[in-house]
Amino acid sequence: MTATFPDLYMPPRLLAPGTTPADLTTHHQRYGPLAHGDPEDLLRTVAESGLTGRGGAGFPTYRKLVSVAEAGRRTGRAPVVVANGAEGEPASRKDKTLLRLSPHLVLDGLQSAARMVGAGEAYLAVEDGATWLESALAQRTDDPLPVKVVRLPKSFLSGQASALAQYLSGGAALPTDPSPPVRERGVHRAPTLVQNVETLAHLALIARYDADWFRTAGTPTQPGSVLCTVHVPGREPRVVEAPYGMPLGRLLPLEGTRAVLVGGYHGTWIPTPEAAQLALDTSYLGAGVLAALPADRCGVTETSRILRYLALQSAGQCGPCLNGLPRIATAFRTLATPGPQGTTRTDLARWSGLVEGRGACHHPDGTIRLVRSALTTFATEIDTHAHGHCTATDPTPLLPIPQEA
């Protein structure tokens with residue numbers, strides 16, 4: 001697992017070259033100390049920067065900060081801030097890499113966010129690396145707000161905002177009713193800011209260098225850089241940092257590729273000719289996963305493996321997850337097996353419409369996004385399967401699925 005920056009016209013921001021973690025002294029030598037300026041001034045700077053969330057939704061960070069601060073004033077309760085390092089997406093490595101190599105950048109951003117919303121509690125939630133992060137926190141004796149590292153159970157849904165809020169309140173790490181949202185009533189029923197760790201690292205840099213500096217990377221409408229986990233057959237997954245607007249072909253080898261998965265297991269399969277025309281864009285980047293499916297692999301089989309995992313990872317709290325996703329996963333397995341398919345494709349289209357938009361969280365919607373893209377991108381291969389054949393010659397899986405699935 002390495003951290004690299006593939007584009008020579010811009011130096012790295014979040015991840016310095018190499019694999020050596022930065023202690024607090026190295027961190028200050030690299031970035032300088034964090035200034036604790038006026039929270040309102042910093043909020044304006046964040047607004048001018050155009051920073052959006054790097055956890056998948058791409059929501060404007062300024063609006064999220066303001067809504068939590070306003071909820072705190074309205075309710076008279078000090079907000080809670082949560083740095084979300086759960087990274088339950090099996091194909092993603094970006095947050096773990098960032099926390100390992102640049103923990104103090106994340107912790108700086110957490111302190112800045114806490115000041116902007118007037119927080120009284122702060123947490124760093126992770127599945128792995130808690131011991132290392134607790135050691136990093138022990139070096140930070142001057143932080144105004146103590147931070148508690150919380151170990152989360154390993155689950156695809158544990159990093160969902162309401163699941164985090166429920167777990168930190170003493171419940172199970174499962175999504176809850178989204179109304180009211182956690183920004184109004186989250187951890188211990190207080191207004192809660194849940195922010196991805198990469199977003200907080202960018203926030204720490206904006207607090208140091210201002211909005212204009214942040215906008216020197218990326219595009220006018222999508223400024224800044226973003227961390228991506230890149231999967232290429234025959235190599236270990238690698239984490240790269242790249243500006244928005246960079247062509248996908250600069251990050252993935254597209255020659256000899258059947259399709260590209262963008263956004264992770266709640267993402268989208270894109271045929272290679274279309275992927276060759278795309279640049280990094282928050283509208284589809286999701287969890288920051290990019291994977292090149294070689295021409296000798298079967299995208300239908302690959303999707304079937306993912307769908308089985310997603311069905312097993314559902315919270316089982318609503319009909320779409322409890323009944324819909326297992327049925328869809330089973331049906332897709334029929335498409336992945338060469339032989340008669342009957343009405344399977346028609347059934348999948350109908351069930352997808354019944355599931356979409358009706359879940360207690362967005363897990364069913366993200367799963368249906370993957371299903372629909374696979375049905376379109378791999379339509380020719382599905383037809384071939386229906387006639388009893390598969391064009392793939394290498395059965396090796398491309399993407400990781402946890403062993404228990």
# chains A, B, ... in the order shown; residues from 1 in each chain; ligands from 1
$ closest_atom_pairs --of "region 302-334 of chain A" --to "region 342-346 of chain A" --cutoff "9 Å" --atoms "only C-alpha atoms" --output "JSON lines"
{"residue": "A:Ala331", "atom": "CA", "partner": "A:Thr344", "partner_atom": "CA", "distance": 6.1}
{"residue": "A:Phe332", "atom": "CA", "partner": "A:Thr344", "partner_atom": "CA", "distance": 7.8}
{"residue": "A:Thr334", "atom": "CA", "partner": "A:Thr344", "partner_atom": "CA", "distance": 7.5}
$ write_last_selection --atoms "C-alpha atoms" --output "PDB file, in the first residue's frame"
ATOM      1  CA  ALA A 331     -30.817 -13.262  -9.459  1.00  0.00           C
ATOM      2  CA  PHE A 332     -27.522 -11.712 -10.528  1.00  0.00           C
ATOM      3  CA  THR A 334     -28.051 -16.582 -12.258  1.00  0.00           C
TER       4      THR A 334
END
$ residues_around --residues "region 169-175 of chain A" --least-positions-apart "3" --cutoff "6 Å" --atoms "only C-alpha atoms" --output "list of chain:residue names"
A:Ser158, A:Ser162, A:Ala163, A:Leu164, A:Gln166, A:Val187, A:His188
$ write_last_selection --atoms "N, CA, C and O atoms" --output "short mmCIF file (atom, residue, chain, number, x, y, z; two decimals), in the first residue's frame"
data_model
loop_
_atom_site.label_atom_id
_atom_site.label_comp_id
_atom_site.auth_asym_id
_atom_site.auth_seq_id
_atom_site.Cartn_x
_atom_site.Cartn_y
_atom_site.Cartn_z
N SER A 158 -20.86 0.68 8.98
CA SER A 158 -20.52 1.28 10.26
C SER A 158 -20.11 2.75 10.14
O SER A 158 -20.19 3.49 11.12
N SER A 162 -25.50 8.14 10.66
CA SER A 162 -26.42 7.80 11.75
C SER A 162 -25.96 6.56 12.49
O SER A 162 -26.19 6.42 13.70
N ALA A 163 -25.29 5.62 11.79
CA ALA A 163 -24.74 4.44 12.46
C ALA A 163 -23.64 4.85 13.44
O ALA A 163 -23.56 4.33 14.56
N LEU A 164 -22.78 5.78 13.01
CA LEU A 164 -21.74 6.29 13.90
C LEU A 164 -22.34 6.95 15.13
O LEU A 164 -21.90 6.72 16.26
N GLN A 166 -25.24 6.52 16.47
CA GLN A 166 -25.88 5.54 17.36
C GLN A 166 -24.83 4.76 18.14
O GLN A 166 -24.99 4.51 19.35
N VAL A 187 -25.03 12.29 18.29
CA VAL A 187 -24.44 11.64 19.46
C VAL A 187 -25.05 12.21 20.74
O VAL A 187 -25.03 13.42 20.96
N HIS A 188 -25.62 11.35 21.56
CA HIS A 188 -26.29 11.76 22.81
C HIS A 188 -27.32 12.85 22.54
O HIS A 188 -27.51 13.74 23.37
#
$ select_by_dssp --residues "region 19-94 of chain A" --states "strand (DSSP E)" --output "number ranges by chain"
A: 80-85
$ write_last_selection --atoms "N, CA and C atoms" --output "short mmCIF file (atom, residue, chain, number, x, y, z; two decimals), in the first residue's frame"
data_model
loop_
_atom_site.label_atom_id
_atom_site.label_comp_id
_atom_site.auth_asym_id
_atom_site.auth_seq_id
_atom_site.Cartn_x
_atom_site.Cartn_y
_atom_site.Cartn_z
N VAL A 80 -21.22 17.96 18.83
CA VAL A 80 -20.20 16.92 18.86
C VAL A 80 -19.59 16.83 17.46
N VAL A 81 -18.28 16.65 17.37
CA VAL A 81 -17.64 16.45 16.07
C VAL A 81 -17.04 15.04 16.02
N VAL A 82 -17.21 14.40 14.87
CA VAL A 82 -16.72 13.04 14.68
C VAL A 82 -15.89 12.98 13.41
N ALA A 83 -14.63 12.60 13.53
CA ALA A 83 -13.80 12.34 12.36
C ALA A 83 -14.07 10.90 11.93
N ASN A 84 -14.60 10.75 10.73
CA ASN A 84 -15.04 9.44 10.26
C ASN A 84 -13.92 8.76 9.47
N GLY A 85 -13.25 7.82 10.13
CA GLY A 85 -12.20 7.04 9.47
C GLY A 85 -12.58 5.58 9.35
#
$ closest_residue --among "A:Pro11, A:Thr141, A:Arg30, A:Ala291" --to "Glu236 (chain A)" --atoms "only C-alpha atoms"
A:Ala291
$ residues_around --residues "Trp351 (chain A)" --least-positions-apart "6" --cutoff "10 Å" --atoms "only C-alpha atoms" --output "number ranges by chain"
A: 320, 324-325, 327-328, 345, 368
$ closest_atom_pairs --of "region 146-198 of chain A" --to "region 53-75 of chain A" --cutoff "12 Å" --atoms "only C-alpha atoms" --output "JSON lines"
{"residue": "A:Gly159", "atom": "CA", "partner": "A:Gly55", "partner_atom": "CA", "distance": 9.5}
{"residue": "A:Gln160", "atom": "CA", "partner": "A:Gly55", "partner_atom": "CA", "distance": 9.8}
{"residue": "A:Ala161", "atom": "CA", "partner": "A:Gly55", "partner_atom": "CA", "distance": 10.5}
{"residue": "A:Pro180", "atom": "CA", "partner": "A:Ala71", "partner_atom": "CA", "distance": 11.5}
{"residue": "A:Pro181", "atom": "CA", "partner": "A:Val68", "partner_atom": "CA", "distance": 10.3}
{"residue": "A:Val182", "atom": "CA", "partner": "A:Val68", "partner_atom": "CA", "distance": 8.9}
{"residue": "A:Arg183", "atom": "CA", "partner": "A:Val68", "partner_atom": "CA", "distance": 5.2}
{"residue": "A:Glu184", "atom": "CA", "partner": "A:Ala71", "partner_atom": "CA", "distance": 5.7}
{"residue": "A:Arg185", "atom": "CA", "partner": "A:Ala71", "partner_atom": "CA", "distance": 8.6}
{"residue": "A:Gly186", "atom": "CA", "partner": "A:Val68", "partner_atom": "CA", "distance": 10.4}
{"residue": "A:Arg189", "atom": "CA", "partner": "A:Thr75", "partner_atom": "CA", "distance": 10.5}
{"residue": "A:Ala190", "atom": "CA", "partner": "A:Gly72", "partner_atom": "CA", "distance": 7.7}
{"residue": "A:Pro191", "atom": "CA", "partner": "A:Val68", "partner_atom": "CA", "distance": 5.9}
{"residue": "A:Thr192", "atom": "CA", "partner": "A:Val68", "partner_atom": "CA", "distance": 6.4}
{"residue": "A:Leu193", "atom": "CA", "partner": "A:Val68", "partner_atom": "CA", "distance": 6.2}
{"residue": "A:Val194", "atom": "CA", "partner": "A:Lys64", "partner_atom": "CA", "distance": 9.1}
{"residue": "A:Gln195", "atom": "CA", "partner": "A:Gly53", "partner_atom": "CA", "distance": 7.3}
{"residue": "A:Asn196", "atom": "CA", "partner": "A:Gly55", "partner_atom": "CA", "distance": 5.1}
{"residue": "A:Val197", "atom": "CA", "partner": "A:Gly55", "partner_atom": "CA", "distance": 8.0}
{"residue": "A:Glu198", "atom": "CA", "partner": "A:Arg54", "partner_atom": "CA", "distance": 6.0}
$ residues_around --residues "region 300-314 of chain A" --least-positions-apart "3" --cutoff "8 Å" --atoms "only C-alpha atoms" --output "PyMOL selection string"
chain A and resi 155-157+265+321-322+325-326+328-330+332-333+335-337+363+367+370-371+374+378+381-382+397-399+401+405
$ residues_around --residues "Asp383 (chain A)" --least-positions-apart "3" --cutoff "10 Å" --atoms "only C-alpha atoms" --output "PyMOL selection string"
chain A and resi 335+338-339+341+378-380+386-390
$ write_last_selection --atoms "N, CA, C and O atoms" --output "PDB file, in the first residue's frame"
ATOM      1  N   LEU A 335     -27.383 -14.697 -13.665  1.00  0.00           N
ATOM      2  CA  LEU A 335     -26.800 -14.090 -14.862  1.00  0.00           C
ATOM      3  C   LEU A 335     -25.317 -14.411 -14.976  1.00  0.00           C
ATOM      4  O   LEU A 335     -24.777 -14.491 -16.086  1.00  0.00           O
ATOM      5  N   PRO A 338     -23.253 -19.243 -16.802  1.00  0.00           N
ATOM      6  CA  PRO A 338     -23.670 -19.527 -18.175  1.00  0.00           C
ATOM      7  C   PRO A 338     -24.798 -20.558 -18.218  1.00  0.00           C
ATOM      8  O   PRO A 338     -24.720 -21.616 -17.581  1.00  0.00           O
ATOM      9  N   GLY A 339     -25.852 -20.198 -18.932  1.00  0.00           N
ATOM     10  CA  GLY A 339     -27.002 -21.084 -19.038  1.00  0.00           C
ATOM     11  C   GLY A 339     -28.284 -20.283 -19.121  1.00  0.00           C
ATOM     12  O   GLY A 339     -28.270 -19.050 -19.175  1.00  0.00           O
ATOM     13  N   GLN A 341     -31.559 -18.131 -18.575  1.00  0.00           N
ATOM     14  CA  GLN A 341     -31.778 -17.044 -17.630  1.00  0.00           C
ATOM     15  C   GLN A 341     -33.255 -16.767 -17.363  1.00  0.00           C
ATOM     16  O   GLN A 341     -33.590 -16.063 -16.396  1.00  0.00           O
ATOM     17  N   PHE A 378     -22.279  -4.613 -19.176  1.00  0.00           N
ATOM     18  CA  PHE A 378     -21.959  -6.008 -19.499  1.00  0.00           C
ATOM     19  C   PHE A 378     -23.116  -6.722 -20.207  1.00  0.00           C
ATOM     20  O   PHE A 378     -23.239  -7.951 -20.137  1.00  0.00           O
ATOM     21  N   ALA A 379     -23.943  -5.965 -20.900  1.00  0.00           N
ATOM     22  CA  ALA A 379     -25.113  -6.547 -21.572  1.00  0.00           C
ATOM     23  C   ALA A 379     -24.705  -7.623 -22.582  1.00  0.00           C
ATOM     24  O   ALA A 379     -25.345  -8.681 -22.671  1.00  0.00           O
ATOM     25  N   THR A 380     -23.639  -7.368 -23.336  1.00  0.00           N
ATOM     26  CA  THR A 380     -23.208  -8.343 -24.340  1.00  0.00           C
ATOM     27  C   THR A 380     -22.737  -9.637 -23.681  1.00  0.00           C
ATOM     28  O   THR A 380     -23.047 -10.744 -24.150  1.00  0.00           O
ATOM     29  N   ALA A 386     -26.209 -16.284 -21.541  1.00  0.00           N
ATOM     30  CA  ALA A 386     -27.522 -16.894 -21.803  1.00  0.00           C
ATOM     31  C   ALA A 386     -27.426 -18.035 -22.809  1.00  0.00           C
ATOM     32  O   ALA A 386     -28.268 -18.944 -22.807  1.00  0.00           O
ATOM     33  N   HIS A 387     -26.400 -17.987 -23.657  1.00  0.00           N
ATOM     34  CA  HIS A 387     -26.188 -19.048 -24.645  1.00  0.00           C
ATOM     35  C   HIS A 387     -25.205 -20.110 -24.141  1.00  0.00           C
ATOM     36  O   HIS A 387     -24.715 -20.940 -24.912  1.00  0.00           O
ATOM     37  N   GLY A 388     -24.884 -20.043 -22.835  1.00  0.00           N
ATOM     38  CA  GLY A 388     -24.074 -21.096 -22.236  1.00  0.00           C
ATOM     39  C   GLY A 388     -22.579 -20.887 -22.288  1.00  0.00           C
ATOM     40  O   GLY A 388     -21.823 -21.830 -22.033  1.00  0.00           O
ATOM     41  N   HIS A 389     -22.127 -19.674 -22.602  1.00  0.00           N
ATOM     42  CA  HIS A 389     -20.691 -19.418 -22.732  1.00  0.00           C
ATOM     43  C   HIS A 389     -20.291 -18.193 -21.898  1.00  0.00           C
ATOM     44  O   HIS A 389     -21.118 -17.358 -21.532  1.00  0.00           O
ATOM     45  N   CYS A 390     -18.990 -18.099 -21.623  1.00  0.00           N
ATOM     46  CA  CYS A 390     -18.408 -16.915 -20.973  1.00  0.00           C
ATOM     47  C   CYS A 390     -17.110 -16.601 -21.696  1.00  0.00           C
ATOM     48  O   CYS A 390     -16.289 -17.499 -21.945  1.00  0.00           O
TER      49      CYS A 390
END
$ residues_around --residues "region 33-36 of chain A" --least-positions-apart "2" --cutoff "8 Å" --atoms "only C-alpha atoms" --output "PyMOL selection string"
chain A and resi 28+31+38+108+112+204+207-208
$ write_last_selection --atoms "N, CA, C and O atoms" --output "mmCIF file, in the first residue's frame"
data_model
loop_
_atom_site.group_PDB
_atom_site.id
_atom_site.type_symbol
_atom_site.label_atom_id
_atom_site.label_comp_id
_atom_site.auth_asym_id
_atom_site.auth_seq_id
_atom_site.Cartn_x
_atom_site.Cartn_y
_atom_site.Cartn_z
ATOM 1 N N HIS A 28 4.944 19.427 11.843
ATOM 2 C CA HIS A 28 5.107 20.878 11.943
ATOM 3 C C HIS A 28 6.207 21.384 11.009
ATOM 4 O O HIS A 28 6.105 22.496 10.464
ATOM 5 N N TYR A 31 4.355 21.358 7.492
ATOM 6 C CA TYR A 31 3.215 22.242 7.243
ATOM 7 C C TYR A 31 3.216 23.518 8.067
ATOM 8 O O TYR A 31 2.460 24.445 7.765
ATOM 9 N N ASP A 38 -10.003 33.328 14.242
ATOM 10 C CA ASP A 38 -11.412 33.543 14.532
ATOM 11 C C ASP A 38 -12.257 32.518 13.777
ATOM 12 O O ASP A 38 -12.112 32.359 12.556
ATOM 13 N N ASP A 108 -5.510 18.051 13.159
ATOM 14 C CA ASP A 108 -5.594 19.516 13.038
ATOM 15 C C ASP A 108 -6.951 19.923 12.478
ATOM 16 O O ASP A 108 -7.591 20.872 12.954
ATOM 17 N N SER A 112 -9.939 22.260 14.102
ATOM 18 C CA SER A 112 -10.479 23.438 13.409
ATOM 19 C C SER A 112 -11.993 23.331 13.256
ATOM 20 O O SER A 112 -12.725 24.308 13.470
ATOM 21 N N ALA A 204 -7.575 21.358 7.355
ATOM 22 C CA ALA A 204 -6.385 21.808 8.073
ATOM 23 C C ALA A 204 -5.454 22.610 7.167
ATOM 24 O O ALA A 204 -4.825 23.586 7.601
ATOM 25 N N ALA A 207 -7.014 26.064 6.499
ATOM 26 C CA ALA A 207 -6.821 26.927 7.664
ATOM 27 C C ALA A 207 -5.423 27.541 7.675
ATOM 28 O O ALA A 207 -5.223 28.661 8.164
ATOM 29 N N ARG A 208 -4.441 26.824 7.122
ATOM 30 C CA ARG A 208 -3.070 27.329 7.073
ATOM 31 C C ARG A 208 -2.818 28.246 5.879
ATOM 32 O O ARG A 208 -2.187 29.301 6.003
#
$ closest_residue --among "A:Gln139, A:Glu121, A:Pro243, A:Gly299" --to "Arg215 (chain A)" --atoms "only C-alpha atoms"
A:Pro243
$ atom_distance --atom1 "CA of Arg258 (chain A)" --atom2 "CA of Gln403 (chain A)"
26.1 Å
$ residues_around --residues "region 253-255 of chain A" --least-positions-apart "6" --cutoff "10 Å" --atoms "only C-alpha atoms" --output "NGL selection string"
:A and (232 or 272-273 or 275-276 or 291-295)
$ write_last_selection --atoms "N, CA and C atoms" --output "PDB file, in the first residue's frame"
ATOM      1  N   VAL A 232      -5.427  -2.312 -10.048  1.00  0.00           N
ATOM      2  CA  VAL A 232      -4.980  -2.772 -11.362  1.00  0.00           C
ATOM      3  C   VAL A 232      -4.542  -4.224 -11.196  1.00  0.00           C
ATOM      4  N   THR A 272     -14.971   0.997 -21.178  1.00  0.00           N
ATOM      5  CA  THR A 272     -13.670   1.645 -21.344  1.00  0.00           C
ATOM      6  C   THR A 272     -13.696   2.838 -22.296  1.00  0.00           C
ATOM      7  N   PRO A 273     -14.375   2.776 -23.458  1.00  0.00           N
ATOM      8  CA  PRO A 273     -14.390   3.963 -24.333  1.00  0.00           C
ATOM      9  C   PRO A 273     -14.965   5.203 -23.645  1.00  0.00           C
ATOM     10  N   ALA A 275     -14.931   5.650 -20.290  1.00  0.00           N
ATOM     11  CA  ALA A 275     -13.983   6.007 -19.231  1.00  0.00           C
ATOM     12  C   ALA A 275     -12.818   6.818 -19.783  1.00  0.00           C
ATOM     13  N   ALA A 276     -12.424   6.530 -21.013  1.00  0.00           N
ATOM     14  CA  ALA A 276     -11.305   7.253 -21.631  1.00  0.00           C
ATOM     15  C   ALA A 276     -11.625   8.726 -21.841  1.00  0.00           C
ATOM     16  N   ALA A 291     -11.089   1.068 -10.440  1.00  0.00           N
ATOM     17  CA  ALA A 291     -10.622  -0.290 -10.722  1.00  0.00           C
ATOM     18  C   ALA A 291     -10.741  -0.578 -12.206  1.00  0.00           C
ATOM     19  N   ALA A 292      -9.658  -1.104 -12.785  1.00  0.00           N
ATOM     20  CA  ALA A 292      -9.634  -1.455 -14.206  1.00  0.00           C
ATOM     21  C   ALA A 292      -9.883  -2.947 -14.356  1.00  0.00           C
ATOM     22  N   LEU A 293     -11.000  -3.314 -14.991  1.00  0.00           N
ATOM     23  CA  LEU A 293     -11.335  -4.721 -15.206  1.00  0.00           C
ATOM     24  C   LEU A 293     -10.741  -5.170 -16.536  1.00  0.00           C
ATOM     25  N   PRO A 294      -9.801  -6.110 -16.522  1.00  0.00           N
ATOM     26  CA  PRO A 294      -9.161  -6.543 -17.771  1.00  0.00           C
ATOM     27  C   PRO A 294     -10.152  -7.244 -18.700  1.00  0.00           C
ATOM     28  N   ALA A 295      -9.786  -7.307 -19.956  1.00  0.00           N
ATOM     29  CA  ALA A 295     -10.645  -7.932 -20.960  1.00  0.00           C
ATOM     30  C   ALA A 295     -10.794  -9.428 -20.744  1.00  0.00           C
TER      31      ALA A 295
END
